[in-house]
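final.csv follows; it contains CSV, C-alpha atoms.
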```
chain,number,residue,atom,x,y,z
A,175,MET,CA,115.5,117.3,95.1
A,176,THR,CA,117.3,114.1,96.0
A,177,LEU,CA,118.0,111.2,93.7
A,178,THR,CA,115.5,109.0,95.5
A,179,VAL,CA,112.7,111.5,95.1
A,180,THR,CA,113.6,111.9,91.4
A,181,ILE,CA,113.6,108.1,90.9
A,182,LEU,CA,110.2,107.8,92.7
A,183,ILE,CA,108.7,110.5,90.5
A,184,ILE,CA,110.0,109.0,87.2
A,185,ALA,CA,108.9,105.5,88.3
A,186,ALA,CA,105.4,106.7,89.3
A,187,VAL,CA,104.9,108.5,86.0
A,188,VAL,CA,106.2,105.5,83.9
A,189,ALA,CA,104.0,103.0,85.9
A,190,GLY,CA,100.9,105.2,85.8
A,191,TYR,CA,101.3,105.8,82.0
A,192,THR,CA,102.0,102.2,81.1
A,193,ASP,CA,99.2,100.9,83.2
A,194,TRP,CA,96.8,103.4,81.7
A,195,ARG,CA,97.8,102.6,78.2
A,196,THR,CA,98.5,98.8,78.4
A,197,ARG,CA,97.1,97.7,81.8
A,198,ARG,CA,100.6,96.4,82.6
A,199,ILE,CA,103.4,97.7,84.8
A,200,PRO,CA,106.8,96.5,83.5
A,201,ASN,CA,108.8,94.0,85.6
A,202,TRP,CA,112.1,95.9,84.7
A,203,LEU,CA,110.6,98.9,86.5
A,204,THR,CA,109.5,97.2,89.7
A,205,ALA,CA,112.6,95.0,89.9
A,206,GLY,CA,114.8,98.1,89.4
A,207,MET,CA,113.0,100.0,92.0
A,208,ALA,CA,113.2,97.2,94.5
A,209,GLY,CA,116.9,96.7,93.9
A,210,TYR,CA,117.5,100.5,94.2
A,211,GLY,CA,115.6,100.6,97.5
A,212,ILE,CA,117.5,97.7,99.1
A,213,VAL,CA,120.9,99.0,97.9
A,214,PHE,CA,120.1,102.6,98.9
A,215,HIS,CA,119.1,101.6,102.5
A,216,ALA,CA,122.0,99.2,102.8
A,217,SER,CA,124.4,101.9,101.9
A,218,ARG,CA,122.9,104.3,104.5
A,219,ALA,CA,122.3,101.9,107.4
A,220,GLY,CA,123.9,98.5,106.6
A,221,TRP,CA,121.9,95.4,107.6
A,222,GLU,CA,119.4,97.5,109.5
A,223,GLY,CA,118.7,99.4,106.3
A,224,VAL,CA,118.3,96.2,104.3
A,225,LEU,CA,115.8,95.0,107.0
A,226,ALA,CA,113.9,98.4,106.8
A,227,SER,CA,113.8,98.1,103.0
A,228,LEU,CA,112.6,94.5,103.0
A,229,SER,CA,110.0,95.4,105.7
A,230,GLY,CA,108.6,98.2,103.4
A,231,LEU,CA,108.6,95.7,100.5
A,232,ALA,CA,106.8,93.1,102.6
A,233,VAL,CA,104.1,95.5,103.8
A,234,GLY,CA,103.6,96.8,100.2
A,235,LEU,CA,103.2,93.2,99.0
A,236,GLY,CA,100.9,92.3,101.9
A,237,LEU,CA,98.6,95.3,101.4
A,238,LEU,CA,97.6,94.2,97.9
A,239,LEU,CA,98.1,90.4,98.1
A,240,ILE,CA,94.5,89.5,99.0
A,241,PRO,CA,93.0,91.8,96.2
A,242,TYR,CA,95.4,90.1,93.8
A,243,LEU,CA,94.4,86.6,94.9
A,244,LEU,CA,90.8,87.5,94.5
A,245,ARG,CA,91.6,88.7,90.9
A,246,GLY,CA,90.8,92.3,91.8
A,247,LEU,CA,94.3,93.6,90.8
A,248,GLY,CA,97.1,92.6,88.6
A,249,ALA,CA,100.5,91.3,89.7
A,250,GLY,CA,102.1,94.5,88.4
A,251,ASP,CA,100.1,96.6,90.9
A,252,VAL,CA,101.2,94.4,93.7
A,253,LYS,CA,104.9,94.4,92.6
A,254,PHE,CA,104.8,98.2,92.1
A,255,LEU,CA,103.5,98.9,95.7
A,256,ALA,CA,106.1,96.4,97.0
A,257,ALA,CA,108.9,98.2,95.1
A,258,VAL,CA,107.7,101.6,96.4
A,259,GLY,CA,107.8,100.1,99.9
A,260,SER,CA,111.4,99.0,99.5
A,261,ILE,CA,112.3,102.6,98.9
A,262,VAL,CA,110.0,104.5,101.3
A,263,GLY,CA,109.7,102.0,104.1
A,264,VAL,CA,106.7,100.9,106.1
A,265,THR,CA,105.3,104.3,107.0
A,266,GLY,CA,105.8,105.6,103.5
A,267,VAL,CA,104.1,102.7,101.8
A,268,LEU,CA,101.1,103.1,104.1
A,269,VAL,CA,100.8,106.7,103.0
A,270,VAL,CA,101.0,105.7,99.4
A,271,PHE,CA,98.3,103.0,100.0
A,272,VAL,CA,95.9,105.4,101.6
A,273,ALA,CA,96.3,108.0,98.9
A,274,ALA,CA,96.0,105.4,96.2
A,275,SER,CA,92.9,103.9,97.9
A,276,ALA,CA,91.2,107.4,97.8
A,277,LEU,CA,91.9,107.8,94.0
A,278,GLY,CA,91.0,104.1,93.4
A,279,ALA,CA,87.6,104.7,94.9
A,280,VAL,CA,87.0,107.6,92.6
A,281,LEU,CA,88.2,105.5,89.6
A,282,GLY,CA,85.9,102.7,90.7
A,283,ILE,CA,82.9,105.0,90.8
A,284,VAL,CA,83.7,106.3,87.3
A,285,ALA,CA,84.1,102.7,86.1
A,286,LEU,CA,80.8,101.7,87.5
A,287,SER,CA,79.1,104.7,86.0
A,288,ARG,CA,80.6,103.8,82.6
A,289,ARG,CA,79.5,100.2,83.0
A,290,GLN,CA,75.9,101.2,83.7
A,291,LYS,CA,75.8,103.4,80.7
A,292,MET,CA,77.2,100.6,78.5
A,293,GLU,CA,74.7,98.1,79.9
A,294,ARG,CA,71.8,100.4,79.1
A,295,ALA,CA,73.1,100.9,75.6
A,296,GLU,CA,73.5,97.1,75.0
A,297,THR,CA,71.0,94.4,75.7
A,298,GLU,CA,73.5,91.5,75.6
A,299,GLY,CA,74.4,91.5,79.3
A,300,PRO,CA,76.8,93.0,81.7
A,301,ALA,CA,79.7,95.0,80.3
A,302,SER,CA,83.2,94.6,81.7
A,303,VAL,CA,85.2,97.7,82.7
A,304,SER,CA,88.7,97.5,84.2
A,305,ILE,CA,90.4,100.1,86.4
A,306,PRO,CA,94.1,100.8,85.9
A,307,TYR,CA,94.9,100.7,89.6
A,308,GLY,CA,98.6,101.5,88.8
A,309,VAL,CA,97.4,105.0,88.0
A,310,ALA,CA,96.1,105.3,91.6
A,311,LEU,CA,99.3,103.8,93.0
A,312,SER,CA,101.3,106.3,91.0
A,313,PHE,CA,99.2,109.1,92.3
A,314,GLY,CA,99.8,107.9,95.9
A,315,THR,CA,103.5,107.7,95.2
A,316,LEU,CA,103.5,111.3,93.8
A,317,VAL,CA,101.7,112.5,96.9
A,318,LEU,CA,104.3,111.0,99.1
A,319,THR,CA,107.2,112.3,97.0
A,320,GLY,CA,105.7,115.8,97.2
A,321,VAL,CA,105.5,115.5,101.0
A,322,LEU,CA,109.1,114.1,101.2
A,323,ALA,CA,110.4,116.9,98.9
A,324,ALA,CA,108.7,119.6,101.0
A,325,TRP,CA,110.0,118.0,104.2
A,326,TRP,CA,113.6,117.7,102.9
A,327,GLY,CA,113.4,121.2,101.6
A,328,ARG,CA,112.7,122.5,105.1
A,329,ALA,CA,115.4,120.3,106.8
```
Could you render the structure as structure tokens?
Amino acid sequence: MTLTVTILIIAAVVAGYTDWRTRRIPNWLTAGMAGYGIVFHASRAGWEGVLASLSGLAVGLGLLLIPYLLRGLGAGDVKFLAAVGSIVGVTGVLVVFVAASALGAVLGIVALSRRQKMERAETEGPASVSIPYGVALSFGTLVLTGVLAAWWGRA
């Protein structure tokens, strides 16, 4: 297993756990990941690597920017996907986004079900239920790292 896959796995576990427990993803984690991604790609491919890393970061940011602006997601979710993009590039961040969207849909269904049960139990009005989307993003990252590890293992 490469250092990059190990970093992605550890970062995904930390982000998922902290988002589940606190509904926050730490800035030190996302900034460290983004910095690692840019330096890693720069060391391997020079300015082209920096451009590839920044492209992945920008796509990751862009994929969640509108949901963030509509108050559907927190800034930590956006920064985490952007940081993942800086490491895995444009194609990789799209894979993470698709896998996270699938789990996010499941989490949303569970949250809506819980909300309906809470509303039936209370007569005061609609209940608020939040979804820790960082958990879904972490899942997507782990799916991608599993694919990368398997691919590198065959190479």
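The closest residue to Met207 (chain A), picked from A:Ala219, A:Val233, A:Ile181, A:Val321 and counting all atoms listed in the file, is A:Ile181.
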>> For a test of reading the model, state the distance in Å between CA of Val262 (chain A) and CA of Asp193 (chain A), rounded to one decimal.
In response: 21.4 Å
>> Here is a test: counting only C-alpha atoms, which residue of A:Arg289, A:Ile305, A:Ala274, A:Val264 is nearest to Thr196 (chain A)?
In response: A:Ile305
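Between CA of Gly211 (chain A) and CA of Ala310 (chain A) there is a distance of 20.9 Å.
Across A:Val258, A:Val309, A:Ala324, A:Val252, the tightest approach to Ala189 (chain A) is made by A:Val309 when counting all atoms listed in the file.
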